Amino acid sequence: MSRDPILSLPWPGARPLADAFFDRDAQLVARELLGKVIRHCVDGRWLSARIIETEAYYLVDKGSHASLGYTHKRRALFLDGGHIYMYYARGGDSLNFSANGAGNAVLIKSGHPWVDAISPADALAAMQRNNPDAKGQARPAERLCAGQTLLCKALGLKVPDWDGQRFDCQRLFVEDVGERPAAIIQTSRLGIPHGRDEHLPYRFVDAGYARFCTRNPLRRGQLEGRDYQLIEDIHP
């Protein structure tokens, strides 16, 4: 595959993000990924989710996988931007993209199903079959990708298939569909153990989708300026 996915479009007018998009500071990538759409082709059908929540990680963060040192399993974290790093979290698959600088990356924390001409209603139904609720019923669309493992399950993304790989425009890529968050919430990351830089404000949430993310940063009891910052859309 070419290093530049633009050279191999899956359909006319597709707008996959080039590797250069990811080869930048992890926080910048994490913010600008909000509103972009993950496309994964499964059995000839494109399953899609809009990115609504991300977390940035750096080599120097005690909470990052890369801080534990280089291993073959973590190799994607030490490669240039645009490599896929997947791992298991609580028994489920999790999706990350490497950013600029060895050990720096962005975790895709949650998404929201994206329905359009490329991924119509039958694609959403396939995602619901991939990720049913505890009773085996169709999970509500707004909760289908509300967490890093739920997102991967709905999209059919598996560690053995994609860990250490680059994007492939015929199978998996991130597309700019022209959507931009009106405002972004910046707050601390989730699930970081005490003493491992749990205070760092490297989590970014599309404010318009806050109630659909892993944990709503605007829930009752949270105060702007103390628990989170609200920032304007940074896109040009």
# chains A, B, ... in the order shown; residues from 1 in each chain; ligands from 1
$ select_by_dssp --residues "range 120-196 of chain A" --states "alpha helix (DSSP H)" --output "mmCIF file with all heavy atoms, in the first residue's frame"
data_model
loop_
_atom_site.group_PDB
_atom_site.id
_atom_site.type_symbol
_atom_site.label_atom_id
_atom_site.label_comp_id
_atom_site.auth_asym_id
_atom_site.auth_seq_id
_atom_site.Cartn_x
_atom_site.Cartn_y
_atom_site.Cartn_z
ATOM 1 N N ALA A 121 -28.557 2.363 6.232
ATOM 2 C CA ALA A 121 -29.215 1.733 7.383
ATOM 3 C C ALA A 121 -28.798 0.283 7.579
ATOM 4 O O ALA A 121 -28.711 -0.188 8.718
ATOM 5 C CB ALA A 121 -30.727 1.839 7.233
ATOM 6 N N ASP A 122 -28.537 -0.447 6.501
ATOM 7 C CA ASP A 122 -28.159 -1.852 6.674
ATOM 8 C C ASP A 122 -26.784 -1.982 7.325
ATOM 9 O O ASP A 122 -26.506 -2.972 8.016
ATOM 10 C CB ASP A 122 -28.203 -2.612 5.340
ATOM 11 C CG ASP A 122 -27.145 -2.150 4.356
ATOM 12 O OD1 ASP A 122 -26.850 -0.941 4.326
ATOM 13 O OD2 ASP A 122 -26.624 -2.997 3.617
ATOM 14 N N ALA A 123 -25.919 -0.963 7.149
ATOM 15 C CA ALA A 123 -24.618 -0.980 7.823
ATOM 16 C C ALA A 123 -24.808 -0.768 9.322
ATOM 17 O O ALA A 123 -24.150 -1.423 10.139
ATOM 18 C CB ALA A 123 -23.713 0.099 7.242
ATOM 19 N N LEU A 124 -25.708 0.135 9.690
ATOM 20 C CA LEU A 124 -26.006 0.343 11.104
ATOM 21 C C LEU A 124 -26.576 -0.940 11.714
ATOM 22 O O LEU A 124 -26.201 -1.322 12.829
ATOM 23 C CB LEU A 124 -26.998 1.490 11.276
ATOM 24 C CG LEU A 124 -27.532 1.721 12.689
ATOM 25 C CD1 LEU A 124 -26.399 1.973 13.669
ATOM 26 C CD2 LEU A 124 -28.525 2.875 12.695
ATOM 27 N N ALA A 125 -27.443 -1.608 10.989
ATOM 28 C CA ALA A 125 -28.013 -2.870 11.487
ATOM 29 C C ALA A 125 -26.918 -3.913 11.697
ATOM 30 O O ALA A 125 -26.958 -4.684 12.668
ATOM 31 C CB ALA A 125 -29.067 -3.384 10.514
ATOM 32 N N ALA A 126 -25.935 -3.940 10.799
ATOM 33 C CA ALA A 126 -24.816 -4.878 10.945
ATOM 34 C C ALA A 126 -24.005 -4.546 12.193
ATOM 35 O O ALA A 126 -23.557 -5.448 12.914
ATOM 36 C CB ALA A 126 -23.929 -4.836 9.699
ATOM 37 N N MET A 127 -23.804 -3.266 12.472
ATOM 38 C CA MET A 127 -23.086 -2.863 13.668
ATOM 39 C C MET A 127 -23.860 -3.278 14.926
ATOM 40 O O MET A 127 -23.269 -3.708 15.920
ATOM 41 C CB MET A 127 -22.848 -1.348 13.654
ATOM 42 C CG MET A 127 -21.857 -0.894 12.594
ATOM 43 S SD MET A 127 -21.770 0.907 12.380
ATOM 44 C CE MET A 127 -21.146 1.440 13.975
ATOM 45 N N GLN A 128 -25.168 -3.184 14.872
ATOM 46 C CA GLN A 128 -25.979 -3.601 16.018
ATOM 47 C C GLN A 128 -25.925 -5.114 16.216
ATOM 48 O O GLN A 128 -25.952 -5.593 17.346
ATOM 49 C CB GLN A 128 -27.409 -3.113 15.841
ATOM 50 C CG GLN A 128 -27.539 -1.599 16.000
ATOM 51 C CD GLN A 128 -28.926 -1.084 15.702
ATOM 52 O OE1 GLN A 128 -29.526 -1.428 14.683
ATOM 53 N NE2 GLN A 128 -29.450 -0.244 16.578
ATOM 54 N N ARG A 129 -25.814 -5.851 15.132
ATOM 55 C CA ARG A 129 -25.649 -7.307 15.266
ATOM 56 C C ARG A 129 -24.279 -7.642 15.845
ATOM 57 O O ARG A 129 -24.136 -8.595 16.624
ATOM 58 C CB ARG A 129 -25.826 -7.995 13.903
ATOM 59 C CG ARG A 129 -27.258 -7.992 13.383
ATOM 60 C CD ARG A 129 -27.436 -8.937 12.215
ATOM 61 N NE ARG A 129 -26.646 -8.552 11.054
ATOM 62 C CZ ARG A 129 -27.056 -7.722 10.108
ATOM 63 N NH1 ARG A 129 -28.259 -7.142 10.204
ATOM 64 N NH2 ARG A 129 -26.300 -7.429 9.070
ATOM 65 N N ASN A 130 -23.284 -6.856 15.482
ATOM 66 C CA ASN A 130 -21.934 -7.070 16.025
ATOM 67 C C ASN A 130 -21.883 -6.824 17.529
ATOM 68 O O ASN A 130 -21.095 -7.458 18.240
ATOM 69 C CB ASN A 130 -20.932 -6.111 15.363
ATOM 70 C CG ASN A 130 -20.580 -6.490 13.941
ATOM 71 O OD1 ASN A 130 -20.866 -7.608 13.504
ATOM 72 N ND2 ASN A 130 -19.968 -5.569 13.217
ATOM 73 N N GLN A 148 -14.512 2.594 24.272
ATOM 74 C CA GLN A 148 -13.477 2.139 23.336
ATOM 75 C C GLN A 148 -13.662 0.708 22.874
ATOM 76 O O GLN A 148 -13.406 0.377 21.706
ATOM 77 C CB GLN A 148 -12.097 2.335 23.962
ATOM 78 C CG GLN A 148 -11.831 1.499 25.212
ATOM 79 C CD GLN A 148 -10.705 2.057 26.057
ATOM 80 O OE1 GLN A 148 -10.847 3.128 26.639
ATOM 81 N NE2 GLN A 148 -9.592 1.349 26.133
ATOM 82 N N THR A 149 -14.127 -0.190 23.740
ATOM 83 C CA THR A 149 -14.321 -1.580 23.319
ATOM 84 C C THR A 149 -15.647 -1.752 22.586
ATOM 85 O O THR A 149 -15.745 -2.564 21.665
ATOM 86 C CB THR A 149 -14.244 -2.540 24.520
ATOM 87 O OG1 THR A 149 -15.249 -2.210 25.478
ATOM 88 C CG2 THR A 149 -12.875 -2.459 25.186
ATOM 89 N N LEU A 150 -16.669 -0.990 22.985
ATOM 90 C CA LEU A 150 -17.944 -1.034 22.274
ATOM 91 C C LEU A 150 -17.770 -0.556 20.839
ATOM 92 O O LEU A 150 -18.355 -1.115 19.899
ATOM 93 C CB LEU A 150 -18.983 -0.176 22.993
ATOM 94 C CG LEU A 150 -19.449 -0.646 24.374
ATOM 95 C CD1 LEU A 150 -20.392 0.378 24.989
ATOM 96 C CD2 LEU A 150 -20.123 -2.007 24.290
ATOM 97 N N LEU A 151 -16.973 0.499 20.669
ATOM 98 C CA LEU A 151 -16.701 1.036 19.335
ATOM 99 C C LEU A 151 -16.075 -0.025 18.433
ATOM 100 O O LEU A 151 -16.530 -0.256 17.302
ATOM 101 C CB LEU A 151 -15.767 2.238 19.460
ATOM 102 C CG LEU A 151 -15.188 2.804 18.160
ATOM 103 C CD1 LEU A 151 -16.266 3.534 17.374
ATOM 104 C CD2 LEU A 151 -14.026 3.740 18.449
ATOM 105 N N CYS A 152 -15.042 -0.685 18.940
ATOM 106 C CA CYS A 152 -14.357 -1.688 18.133
ATOM 107 C C CYS A 152 -15.260 -2.883 17.834
ATOM 108 O O CYS A 152 -15.240 -3.429 16.730
ATOM 109 C CB CYS A 152 -13.082 -2.154 18.829
ATOM 110 S SG CYS A 152 -11.768 -0.909 18.821
ATOM 111 N N LYS A 153 -16.065 -3.273 18.812
ATOM 112 C CA LYS A 153 -16.963 -4.402 18.597
ATOM 113 C C LYS A 153 -17.991 -4.077 17.525
ATOM 114 O O LYS A 153 -18.263 -4.888 16.630
ATOM 115 C CB LYS A 153 -17.655 -4.783 19.909
ATOM 116 C CG LYS A 153 -18.431 -6.089 19.839
ATOM 117 C CD LYS A 153 -18.908 -6.517 21.218
ATOM 118 C CE LYS A 153 -19.629 -7.866 21.138
ATOM 119 N NZ LYS A 153 -20.114 -8.298 22.472
ATOM 120 N N ALA A 154 -18.574 -2.885 17.599
ATOM 121 C CA ALA A 154 -19.567 -2.485 16.610
ATOM 122 C C ALA A 154 -18.976 -2.414 15.205
ATOM 123 O O ALA A 154 -19.619 -2.806 14.218
ATOM 124 C CB ALA A 154 -20.176 -1.142 16.990
ATOM 125 N N LEU A 155 -17.748 -1.927 15.109
ATOM 126 C CA LEU A 155 -17.099 -1.780 13.800
ATOM 127 C C LEU A 155 -16.403 -3.050 13.330
ATOM 128 O O LEU A 155 -15.893 -3.093 12.205
ATOM 129 C CB LEU A 155 -16.075 -0.645 13.852
ATOM 130 C CG LEU A 155 -16.638 0.770 13.965
ATOM 131 C CD1 LEU A 155 -15.509 1.783 14.118
ATOM 132 C CD2 LEU A 155 -17.501 1.118 12.764
ATOM 133 N N VAL A 159 -7.850 -6.866 17.283
ATOM 134 C CA VAL A 159 -6.418 -6.715 17.498
ATOM 135 C C VAL A 159 -5.583 -7.519 16.502
ATOM 136 O O VAL A 159 -4.650 -6.968 15.890
ATOM 137 C CB VAL A 159 -6.042 -7.088 18.948
ATOM 138 C CG1 VAL A 159 -4.526 -7.145 19.122
ATOM 139 C CG2 VAL A 159 -6.654 -6.094 19.937
ATOM 140 N N PRO A 160 -5.855 -8.806 16.280
ATOM 141 C CA PRO A 160 -4.990 -9.582 15.374
ATOM 142 C C PRO A 160 -5.005 -9.069 13.935
ATOM 143 O O PRO A 160 -4.031 -9.255 13.198
ATOM 144 C CB PRO A 160 -5.586 -11.000 15.442
ATOM 145 C CG PRO A 160 -6.348 -11.036 16.721
ATOM 146 C CD PRO A 160 -6.894 -9.660 16.889
ATOM 147 N N ASP A 161 -6.084 -8.418 13.537
ATOM 148 C CA ASP A 161 -6.203 -7.953 12.151
ATOM 149 C C ASP A 161 -5.464 -6.651 11.895
ATOM 150 O O ASP A 161 -4.936 -6.446 10.793
ATOM 151 C CB ASP A 161 -7.677 -7.747 11.785
ATOM 152 C CG ASP A 161 -8.485 -9.030 11.830
ATOM 153 O OD1 ASP A 161 -7.888 -10.110 11.651
ATOM 154 O OD2 ASP A 161 -9.715 -8.942 12.041
ATOM 155 N N TRP A 162 -5.401 -5.758 12.888
ATOM 156 C CA TRP A 162 -4.951 -4.410 12.613
ATOM 157 C C TRP A 162 -3.794 -3.898 13.450
ATOM 158 O O TRP A 162 -3.180 -2.879 13.108
ATOM 159 C CB TRP A 162 -6.135 -3.440 12.748
ATOM 160 C CG TRP A 162 -7.089 -3.615 11.616
ATOM 161 C CD1 TRP A 162 -8.317 -4.220 11.666
ATOM 162 C CD2 TRP A 162 -6.882 -3.225 10.255
ATOM 163 N NE1 TRP A 162 -8.887 -4.218 10.413
ATOM 164 C CE2 TRP A 162 -8.032 -3.619 9.530
ATOM 165 C CE3 TRP A 162 -5.844 -2.586 9.581
ATOM 166 C CZ2 TRP A 162 -8.157 -3.383 8.167
ATOM 167 C CZ3 TRP A 162 -5.971 -2.357 8.226
ATOM 168 C CH2 TRP A 162 -7.120 -2.750 7.534
#
$ residues_around --residues "Glu224 in chain A" --least-positions-apart "6" --cutoff "10 Å" --atoms "only C-alpha atoms" --output "PyMOL selection string"
chain A and resi 185-187+217-218+230
$ residues_around --residues "Ile38 in chain A" --least-positions-apart "3" --cutoff "6 Å" --atoms "only C-alpha atoms" --output "PyMOL selection string"
chain A and resi 48-49+174
$ atom_distance --atom1 "CA of Gly91 in chain A" --atom2 "CA of Phe78 in chain A"
24.0 Å
$ residues_around --residues "range 6-21 of chain A" --least-positions-apart "5" --cutoff "12 Å" --atoms "only C-alpha atoms" --output "PDB file with N, CA, C and O atoms, in the first residue's frame"
ATOM      1  N   MET A   1       0.825  -1.201   0.000  1.00  0.00           N
ATOM      2  CA  MET A   1       0.000   0.000   0.000  1.00  0.00           C
ATOM      3  C   MET A   1       0.864   1.258   0.000  1.00  0.00           C
ATOM      4  O   MET A   1       1.896   1.316   0.623  1.00  0.00           O
ATOM      5  N   ALA A  26       0.261  14.888  19.518  1.00  0.00           N
ATOM      6  CA  ALA A  26      -0.834  13.988  19.872  1.00  0.00           C
ATOM      7  C   ALA A  26      -2.096  14.731  20.314  1.00  0.00           C
ATOM      8  O   ALA A  26      -3.214  14.338  19.968  1.00  0.00           O
ATOM      9  N   LEU A  28      -3.049  17.748  19.381  1.00  0.00           N
ATOM     10  CA  LEU A  28      -3.634  18.361  18.195  1.00  0.00           C
ATOM     11  C   LEU A  28      -4.389  17.312  17.385  1.00  0.00           C
ATOM     12  O   LEU A  28      -5.522  17.539  16.938  1.00  0.00           O
ATOM     13  N   VAL A  29      -3.782  16.152  17.198  1.00  0.00           N
ATOM     14  CA  VAL A  29      -4.443  15.073  16.462  1.00  0.00           C
ATOM     15  C   VAL A  29      -5.719  14.649  17.190  1.00  0.00           C
ATOM     16  O   VAL A  29      -6.770  14.448  16.561  1.00  0.00           O
ATOM     17  N   ALA A  30      -5.637  14.515  18.505  1.00  0.00           N
ATOM     18  CA  ALA A  30      -6.801  14.088  19.287  1.00  0.00           C
ATOM     19  C   ALA A  30      -7.964  15.057  19.119  1.00  0.00           C
ATOM     20  O   ALA A  30      -9.122  14.638  18.970  1.00  0.00           O
ATOM     21  N   ARG A  31      -7.675  16.359  19.130  1.00  0.00           N
ATOM     22  CA  ARG A  31      -8.741  17.352  18.965  1.00  0.00           C
ATOM     23  C   ARG A  31      -9.307  17.338  17.544  1.00  0.00           C
ATOM     24  O   ARG A  31     -10.520  17.387  17.343  1.00  0.00           O
ATOM     25  N   GLU A  32      -8.416  17.267  16.567  1.00  0.00           N
ATOM     26  CA  GLU A  32      -8.874  17.368  15.183  1.00  0.00           C
ATOM     27  C   GLU A  32      -9.512  16.090  14.659  1.00  0.00           C
ATOM     28  O   GLU A  32     -10.173  16.108  13.621  1.00  0.00           O
ATOM     29  N   LEU A  33      -9.344  14.987  15.372  1.00  0.00           N
ATOM     30  CA  LEU A  33     -10.044  13.757  14.985  1.00  0.00           C
ATOM     31  C   LEU A  33     -11.534  13.830  15.315  1.00  0.00           C
ATOM     32  O   LEU A  33     -12.331  13.086  14.731  1.00  0.00           O
ATOM     33  N   LYS A  36     -14.352  13.431  12.637  1.00  0.00           N
ATOM     34  CA  LYS A  36     -13.938  12.557  11.540  1.00  0.00           C
ATOM     35  C   LYS A  36     -14.639  11.192  11.674  1.00  0.00           C
ATOM     36  O   LYS A  36     -15.141  10.842  12.743  1.00  0.00           O
ATOM     37  N   VAL A  37     -14.666  10.445  10.586  1.00  0.00           N
ATOM     38  CA  VAL A  37     -15.422   9.189  10.555  1.00  0.00           C
ATOM     39  C   VAL A  37     -14.496   8.007  10.271  1.00  0.00           C
ATOM     40  O   VAL A  37     -13.752   8.016   9.282  1.00  0.00           O
ATOM     41  N   ILE A  38     -14.549   7.011  11.135  1.00  0.00           N
ATOM     42  CA  ILE A  38     -13.824   5.760  10.919  1.00  0.00           C
ATOM     43  C   ILE A  38     -14.635   4.900   9.960  1.00  0.00           C
ATOM     44  O   ILE A  38     -15.832   4.697  10.167  1.00  0.00           O
ATOM     45  N   ARG A  39     -13.995   4.409   8.910  1.00  0.00           N
ATOM     46  CA  ARG A  39     -14.644   3.537   7.931  1.00  0.00           C
ATOM     47  C   ARG A  39     -13.955   2.168   7.965  1.00  0.00           C
ATOM     48  O   ARG A  39     -12.739   2.069   7.787  1.00  0.00           O
ATOM     49  N   HIS A  40     -14.722   1.117   8.162  1.00  0.00           N
ATOM     50  CA  HIS A  40     -14.167  -0.233   8.162  1.00  0.00           C
ATOM     51  C   HIS A  40     -15.029  -1.116   7.273  1.00  0.00           C
ATOM     52  O   HIS A  40     -16.242  -1.244   7.503  1.00  0.00           O
ATOM     53  N   CYS A  41     -14.421  -1.722   6.270  1.00  0.00           N
ATOM     54  CA  CYS A  41     -15.152  -2.565   5.332  1.00  0.00           C
ATOM     55  C   CYS A  41     -15.160  -4.007   5.835  1.00  0.00           C
ATOM     56  O   CYS A  41     -14.106  -4.616   6.024  1.00  0.00           O
ATOM     57  N   GLY A  44     -17.732  -6.625   2.456  1.00  0.00           N
ATOM     58  CA  GLY A  44     -18.206  -5.765   1.390  1.00  0.00           C
ATOM     59  C   GLY A  44     -19.081  -4.605   1.838  1.00  0.00           C
ATOM     60  O   GLY A  44     -19.560  -3.835   1.009  1.00  0.00           O
ATOM     61  N   ARG A  45     -19.261  -4.449   3.141  1.00  0.00           N
ATOM     62  CA  ARG A  45     -20.113  -3.386   3.671  1.00  0.00           C
ATOM     63  C   ARG A  45     -19.268  -2.443   4.529  1.00  0.00           C
ATOM     64  O   ARG A  45     -18.499  -2.878   5.370  1.00  0.00           O
ATOM     65  N   TRP A  46     -19.433  -1.140   4.315  1.00  0.00           N
ATOM     66  CA  TRP A  46     -18.677  -0.158   5.079  1.00  0.00           C
ATOM     67  C   TRP A  46     -19.418   0.174   6.369  1.00  0.00           C
ATOM     68  O   TRP A  46     -20.523   0.720   6.342  1.00  0.00           O
ATOM     69  N   LEU A  79       6.523   4.117  15.982  1.00  0.00           N
ATOM     70  CA  LEU A  79       6.665   4.417  14.561  1.00  0.00           C
ATOM     71  C   LEU A  79       6.063   5.780  14.266  1.00  0.00           C
ATOM     72  O   LEU A  79       5.434   6.398  15.115  1.00  0.00           O
ATOM     73  N   ASP A  80       6.250   6.263  13.045  1.00  0.00           N
ATOM     74  CA  ASP A  80       5.747   7.588  12.708  1.00  0.00           C
ATOM     75  C   ASP A  80       4.216   7.603  12.684  1.00  0.00           C
ATOM     76  O   ASP A  80       3.563   6.568  12.688  1.00  0.00           O
ATOM     77  N   GLY A  81       3.664   8.806  12.665  1.00  0.00           N
ATOM     78  CA  GLY A  81       2.220   8.972  12.732  1.00  0.00           C
ATOM     79  C   GLY A  81       1.483   8.228  11.637  1.00  0.00           C
ATOM     80  O   GLY A  81       1.928   8.190  10.488  1.00  0.00           O
ATOM     81  N   GLY A  82       0.333   7.657  12.006  1.00  0.00           N
ATOM     82  CA  GLY A  82      -0.482   6.945  11.030  1.00  0.00           C
ATOM     83  C   GLY A  82      -0.405   5.448  11.145  1.00  0.00           C
ATOM     84  O   GLY A  82      -0.941   4.739  10.291  1.00  0.00           O
ATOM     85  N   HIS A  83       0.229   4.920  12.180  1.00  0.00           N
ATOM     86  CA  HIS A  83       0.213   3.479  12.431  1.00  0.00           C
ATOM     87  C   HIS A  83      -0.902   3.154  13.427  1.00  0.00           C
ATOM     88  O   HIS A  83      -1.256   3.971  14.275  1.00  0.00           O
ATOM     89  N   ILE A  84      -1.432   1.975  13.306  1.00  0.00           N
ATOM     90  CA  ILE A  84      -2.535   1.525  14.152  1.00  0.00           C
ATOM     91  C   ILE A  84      -1.982   0.689  15.295  1.00  0.00           C
ATOM     92  O   ILE A  84      -1.213  -0.245  15.073  1.00  0.00           O
ATOM     93  N   PHE A  97      -4.107   5.397  17.337  1.00  0.00           N
ATOM     94  CA  PHE A  97      -3.317   5.805  16.179  1.00  0.00           C
ATOM     95  C   PHE A  97      -2.046   6.484  16.664  1.00  0.00           C
ATOM     96  O   PHE A  97      -2.110   7.365  17.538  1.00  0.00           O
ATOM     97  N   SER A  98      -0.910   6.126  16.102  1.00  0.00           N
ATOM     98  CA  SER A  98       0.339   6.772  16.485  1.00  0.00           C
ATOM     99  C   SER A  98       0.358   8.209  15.989  1.00  0.00           C
ATOM    100  O   SER A  98      -0.242   8.552  14.960  1.00  0.00           O
ATOM    101  N   ALA A  99       1.039   9.070  16.743  1.00  0.00           N
ATOM    102  CA  ALA A  99       1.178  10.482  16.392  1.00  0.00           C
ATOM    103  C   ALA A  99       2.663  10.807  16.225  1.00  0.00           C
ATOM    104  O   ALA A  99       3.511   9.912  16.220  1.00  0.00           O
ATOM    105  N   ASN A 100       2.978  12.083  16.098  1.00  0.00           N
ATOM    106  CA  ASN A 100       4.366  12.485  15.921  1.00  0.00           C
ATOM    107  C   ASN A 100       5.163  12.244  17.200  1.00  0.00           C
ATOM    108  O   ASN A 100       4.718  12.568  18.292  1.00  0.00           O
ATOM    109  N   ALA A 117     -24.674   7.672   2.503  1.00  0.00           N
ATOM    110  CA  ALA A 117     -24.819   6.849   1.300  1.00  0.00           C
ATOM    111  C   ALA A 117     -23.823   5.702   1.267  1.00  0.00           C
ATOM    112  O   ALA A 117     -24.096   4.643   0.695  1.00  0.00           O
ATOM    113  N   ILE A 118     -22.662   5.879   1.874  1.00  0.00           N
ATOM    114  CA  ILE A 118     -21.644   4.828   1.910  1.00  0.00           C
ATOM    115  C   ILE A 118     -21.985   3.793   2.976  1.00  0.00           C
ATOM    116  O   ILE A 118     -21.761   2.592   2.792  1.00  0.00           O
ATOM    117  N   ARG A 166      -0.788  -0.147   8.917  1.00  0.00           N
ATOM    118  CA  ARG A 166      -1.153   1.192   8.460  1.00  0.00           C
ATOM    119  C   ARG A 166      -2.574   1.143   7.922  1.00  0.00           C
ATOM    120  O   ARG A 166      -3.153   0.077   7.732  1.00  0.00           O
ATOM    121  N   PHE A 167      -3.133   2.316   7.659  1.00  0.00           N
ATOM    122  CA  PHE A 167      -4.461   2.371   7.071  1.00  0.00           C
ATOM    123  C   PHE A 167      -4.440   1.785   5.669  1.00  0.00           C
ATOM    124  O   PHE A 167      -3.442   1.855   4.962  1.00  0.00           O
ATOM    125  N   ASP A 168      -5.568   1.226   5.276  1.00  0.00           N
ATOM    126  CA  ASP A 168      -5.745   0.638   3.951  1.00  0.00           C
ATOM    127  C   ASP A 168      -7.068   1.174   3.420  1.00  0.00           C
ATOM    128  O   ASP A 168      -8.130   0.852   3.959  1.00  0.00           O
ATOM    129  N   CYS A 169      -7.019   1.997   2.399  1.00  0.00           N
ATOM    130  CA  CYS A 169      -8.228   2.668   1.924  1.00  0.00           C
ATOM    131  C   CYS A 169      -9.285   1.716   1.384  1.00  0.00           C
ATOM    132  O   CYS A 169     -10.430   2.127   1.180  1.00  0.00           O
ATOM    133  N   GLN A 170      -8.918   0.483   1.140  1.00  0.00           N
ATOM    134  CA  GLN A 170      -9.913  -0.486   0.708  1.00  0.00           C
ATOM    135  C   GLN A 170     -10.527  -1.231   1.886  1.00  0.00           C
ATOM    136  O   GLN A 170     -11.491  -1.980   1.711  1.00  0.00           O
ATOM    137  N   ARG A 171      -9.977  -1.022   3.102  1.00  0.00           N
ATOM    138  CA  ARG A 171     -10.475  -1.788   4.249  1.00  0.00           C
ATOM    139  C   ARG A 171     -10.698  -0.967   5.514  1.00  0.00           C
ATOM    140  O   ARG A 171     -11.700  -1.162   6.207  1.00  0.00           O
ATOM    141  N   LEU A 172      -9.783  -0.068   5.842  1.00  0.00           N
ATOM    142  CA  LEU A 172      -9.909   0.716   7.077  1.00  0.00           C
ATOM    143  C   LEU A 172      -9.182   2.043   6.929  1.00  0.00           C
ATOM    144  O   LEU A 172      -8.003   2.066   6.590  1.00  0.00           O
ATOM    145  N   PHE A 173      -9.905   3.133   7.196  1.00  0.00           N
ATOM    146  CA  PHE A 173      -9.277   4.449   7.183  1.00  0.00           C
ATOM    147  C   PHE A 173     -10.173   5.426   7.940  1.00  0.00           C
ATOM    148  O   PHE A 173     -11.283   5.084   8.370  1.00  0.00           O
ATOM    149  N   VAL A 174      -9.680   6.636   8.116  1.00  0.00           N
ATOM    150  CA  VAL A 174     -10.453   7.703   8.752  1.00  0.00           C
ATOM    151  C   VAL A 174     -10.723   8.759   7.691  1.00  0.00           C
ATOM    152  O   VAL A 174      -9.802   9.197   6.994  1.00  0.00           O
ATOM    153  N   GLU A 175     -11.979   9.183   7.592  1.00  0.00           N
ATOM    154  CA  GLU A 175     -12.376  10.121   6.535  1.00  0.00           C
ATOM    155  C   GLU A 175     -12.812  11.468   7.107  1.00  0.00           C
ATOM    156  O   GLU A 175     -13.453  11.536   8.159  1.00  0.00           O
ATOM    157  N   ASP A 176     -12.457  12.507   6.395  1.00  0.00           N
ATOM    158  CA  ASP A 176     -12.966  13.851   6.688  1.00  0.00           C
ATOM    159  C   ASP A 176     -14.257  14.026   5.889  1.00  0.00           C
ATOM    160  O   ASP A 176     -14.224  14.172   4.674  1.00  0.00           O
ATOM    161  N   VAL A 177     -15.401  13.999   6.582  1.00  0.00           N
ATOM    162  CA  VAL A 177     -16.694  14.137   5.911  1.00  0.00           C
ATOM    163  C   VAL A 177     -17.224  15.564   6.025  1.00  0.00           C
ATOM    164  O   VAL A 177     -18.380  15.827   5.689  1.00  0.00           O
ATOM    165  N   GLY A 178     -16.383  16.468   6.504  1.00  0.00           N
ATOM    166  CA  GLY A 178     -16.777  17.868   6.585  1.00  0.00           C
ATOM    167  C   GLY A 178     -17.470  18.261   7.875  1.00  0.00           C
ATOM    168  O   GLY A 178     -17.922  19.410   8.003  1.00  0.00           O
TER     169      GLY A 178
END
$ closest_residue --among "A:Phe204, A:Tyr209, A:Tyr85, A:Trp114" --to "Glu55 in chain A" --atoms "only C-alpha atoms"
A:Phe204
$ select_by_dssp --residues "range 8-48 of chain A" --states "strand (DSSP E or B)" --output "MDAnalysis selection string"
chainID A and resid 16 37:42 45:48
$ closest_residue --among "A:Glu53, A:Asp93, A:Asp133, A:Glu142" --to "Ser188 in chain A" --atoms "only C-alpha atoms"
A:Glu53
$ atom_distance --atom1 "CA of Val205 in chain A" --atom2 "CA of Ala138 in chain A"
25.4 Å
$ atom_distance --atom1 "CA of Gly92 in chain A" --atom2 "CA of Asn104 in chain A"
21.9 Å
$ closest_residue --among "A:Pro140, A:Gly191, A:Gly221, A:Gly103" --to "Arg75 in chain A" --atoms "only C-alpha atoms"
A:Gly103
$ closest_residue --among "A:Arg196, A:Lys109, A:Arg180, A:Arg139" --to "Arg215 in chain A" --atoms "only C-alpha atoms"
A:Lys109
$ closest_residue --among "A:Asp227, A:Ala105, A:Gly208, A:Gln222" --to "Ser67 in chain A" --atoms "only C-alpha atoms"
A:Ala105
